[in-house]
Amino acid sequence: VSISIEGKNLWILKSLPIAEMDIFKSKILLNILLTIPISLISFLVIGIKLGFELKTVILVMIFIVLLAVFSAALGLFINLLYPKLEFTSDVQVVKQGASVIINMISNLLYVAILCGIGYVLKISNFEVFLVVSNVIIFVSILGMYNLLKYKGVELFKKLY
């Protein structure tokens with residue numbers, strides 16, 4: 001999710017009579033539409049092939065959806081913190097921006113923290129781990145929404 005992709009044309013987006021949160025939601029929704037369907041289909045095929053129980057498949061699919069939403073919101077916020085609005089190629093924004101690297105590392109650390117929480121709480125049942133993780137991710141999504149709603153809108157307004 002990137003505000004930076006607007007580049008020098010960001011003024012057009014900012015001049016539209018659209019609330020900042022609606023802009024954020026549309027960018028997050030596009031990311032979700034690109035990532036979730038293929039992720040769910042891929043896992044469903046793997047789950048069927050490996051013979052996972054139905055409850056495990058459902059919990060993992062919820063995990064995938066929640067993690068995709070959180071990752072998109074986090075990516076948007078990080079891009080607002082470290083925008084790259086001047087570039088000669090879209091590749092520079094998508095693959096070479098600081099926000100991309102920070103977002104990738106942040107997502108990796110977030111999943112590692114979830115695993116660490118499972119380890120510290122000594123959760124040995126995978127389904128219980130998924131339920132706990134899903135609750136944590138859902139709460140994190142609510143936190144990211146509030147962060148975008150207040151700090152994110154403020155950062156967006158400061159962009160030139």
# chains A, B, ... in the order shown; residues from 1 in each chain; ligands from 1

$ residues_around --residues "range 127-135 of chain A" --least-positions-apart "6" --cutoff "9 Å" --atoms "only C-alpha atoms" --output "list in words"
Lys55, Thr56, Leu59, Val60, Ile62, Phe63, Leu66, Leu67, Leu114, Cys115, Ile117 and Gly118 of chain A

$ closest_residue --among "A:Lys149, A:Lys49, A:Lys158, A:Lys84" --to "Glu20 in chain A" --atoms "only C-alpha atoms"
A:Lys149

$ closest_residue --among "A:Thr88, A:Ser124, A:Ser71, A:Ser140" --to "Val100 in chain A" --atoms "only C-alpha atoms"
A:Ser71

$ residues_around --residues "Ile32 in chain A" --least-positions-apart "3" --cutoff "12 Å" --atoms "only C-alpha atoms" --output "PyMOL selection string"
chain A and resi 1+25-29+35-40+64-73+75

$ write_last_selection --atoms "N, CA and C atoms" --output "short mmCIF file (atom, residue, chain, number, x, y, z; two decimals), in the first residue's frame"
data_model
loop_
_atom_site.label_atom_id
_atom_site.label_comp_id
_atom_site.auth_asym_id
_atom_site.auth_seq_id
_atom_site.Cartn_x
_atom_site.Cartn_y
_atom_site.Cartn_z
N VAL A 1 0.86 -1.17 0.00
CA VAL A 1 0.00 0.00 0.00
C VAL A 1 0.90 1.22 0.00
N LYS A 25 -8.67 3.87 3.04
CA LYS A 25 -9.46 2.64 2.91
C LYS A 25 -9.40 2.09 1.50
N SER A 26 -9.44 2.97 0.50
CA SER A 26 -9.40 2.48 -0.89
C SER A 26 -8.05 1.85 -1.21
N LYS A 27 -6.97 2.42 -0.70
CA LYS A 27 -5.64 1.86 -0.95
C LYS A 27 -5.49 0.51 -0.24
N ILE A 28 -6.00 0.43 0.98
CA ILE A 28 -5.95 -0.83 1.73
C ILE A 28 -6.82 -1.89 1.04
N LEU A 29 -8.00 -1.48 0.59
CA LEU A 29 -8.90 -2.42 -0.08
C LEU A 29 -8.29 -2.98 -1.36
N THR A 35 -4.23 -9.52 -2.64
CA THR A 35 -3.53 -10.55 -1.87
C THR A 35 -4.41 -11.66 -1.31
N ILE A 36 -5.57 -11.32 -0.80
CA ILE A 36 -6.37 -12.31 -0.08
C ILE A 36 -6.90 -13.43 -0.98
N PRO A 37 -7.51 -13.14 -2.12
CA PRO A 37 -8.06 -14.27 -2.90
C PRO A 37 -7.04 -15.35 -3.25
N ILE A 38 -5.90 -14.95 -3.75
CA ILE A 38 -4.90 -15.96 -4.14
C ILE A 38 -4.33 -16.67 -2.92
N SER A 39 -4.19 -15.95 -1.82
CA SER A 39 -3.70 -16.58 -0.59
C SER A 39 -4.69 -17.62 -0.07
N LEU A 40 -5.97 -17.27 -0.08
CA LEU A 40 -6.97 -18.20 0.41
C LEU A 40 -7.10 -19.43 -0.50
N ILE A 64 -5.13 -15.57 7.71
CA ILE A 64 -4.63 -14.99 6.46
C ILE A 64 -5.31 -13.66 6.18
N VAL A 65 -6.63 -13.62 6.32
CA VAL A 65 -7.38 -12.38 6.05
C VAL A 65 -6.96 -11.28 7.03
N LEU A 66 -6.93 -11.60 8.31
CA LEU A 66 -6.57 -10.60 9.32
C LEU A 66 -5.15 -10.10 9.12
N LEU A 67 -4.23 -11.01 8.85
CA LEU A 67 -2.84 -10.61 8.65
C LEU A 67 -2.69 -9.74 7.41
N ALA A 68 -3.44 -10.03 6.36
CA ALA A 68 -3.38 -9.21 5.14
C ALA A 68 -3.91 -7.80 5.41
N VAL A 69 -4.98 -7.69 6.16
CA VAL A 69 -5.53 -6.38 6.50
C VAL A 69 -4.55 -5.60 7.36
N PHE A 70 -3.99 -6.26 8.37
CA PHE A 70 -3.02 -5.60 9.24
C PHE A 70 -1.79 -5.16 8.45
N SER A 71 -1.28 -6.04 7.62
CA SER A 71 -0.09 -5.73 6.83
C SER A 71 -0.33 -4.54 5.90
N ALA A 72 -1.51 -4.48 5.29
CA ALA A 72 -1.84 -3.36 4.40
C ALA A 72 -1.91 -2.05 5.18
N ALA A 73 -2.57 -2.08 6.33
CA ALA A 73 -2.69 -0.86 7.15
C ALA A 73 -1.32 -0.42 7.67
N GLY A 75 1.57 -1.09 6.29
CA GLY A 75 2.33 -0.61 5.13
C GLY A 75 1.96 0.81 4.75
#

$ residues_around --residues "Leu148 in chain A" --least-positions-apart "5" --cutoff "9 Å" --atoms "only C-alpha atoms" --output "VMD selection string"
chain A and resid 21 24 73 to 74 76 to 77 143 153 to 154

$ closest_residue --among "A:Leu80, A:Leu10, A:Ile23, A:Ile102" --to "Leu155 in chain A" --atoms "only C-alpha atoms"
A:Leu80

$ atom_distance --atom1 "CA of Leu147 in chain A" --atom2 "CA of Leu81 in chain A"
11.8 Å

$ atom_distance --atom1 "CA of Asn103 in chain A" --atom2 "CA of Gly152 in chain A"
15.4 Å

$ atom_distance --atom1 "CA of Ser99 in chain A" --atom2 "CA of Ile41 in chain A"
28.5 Å

$ closest_residue --among "A:Leu142, A:Ser2, A:Val120, A:Leu54" --to "Asn31 in chain A" --atoms "only C-alpha atoms"
A:Ser2
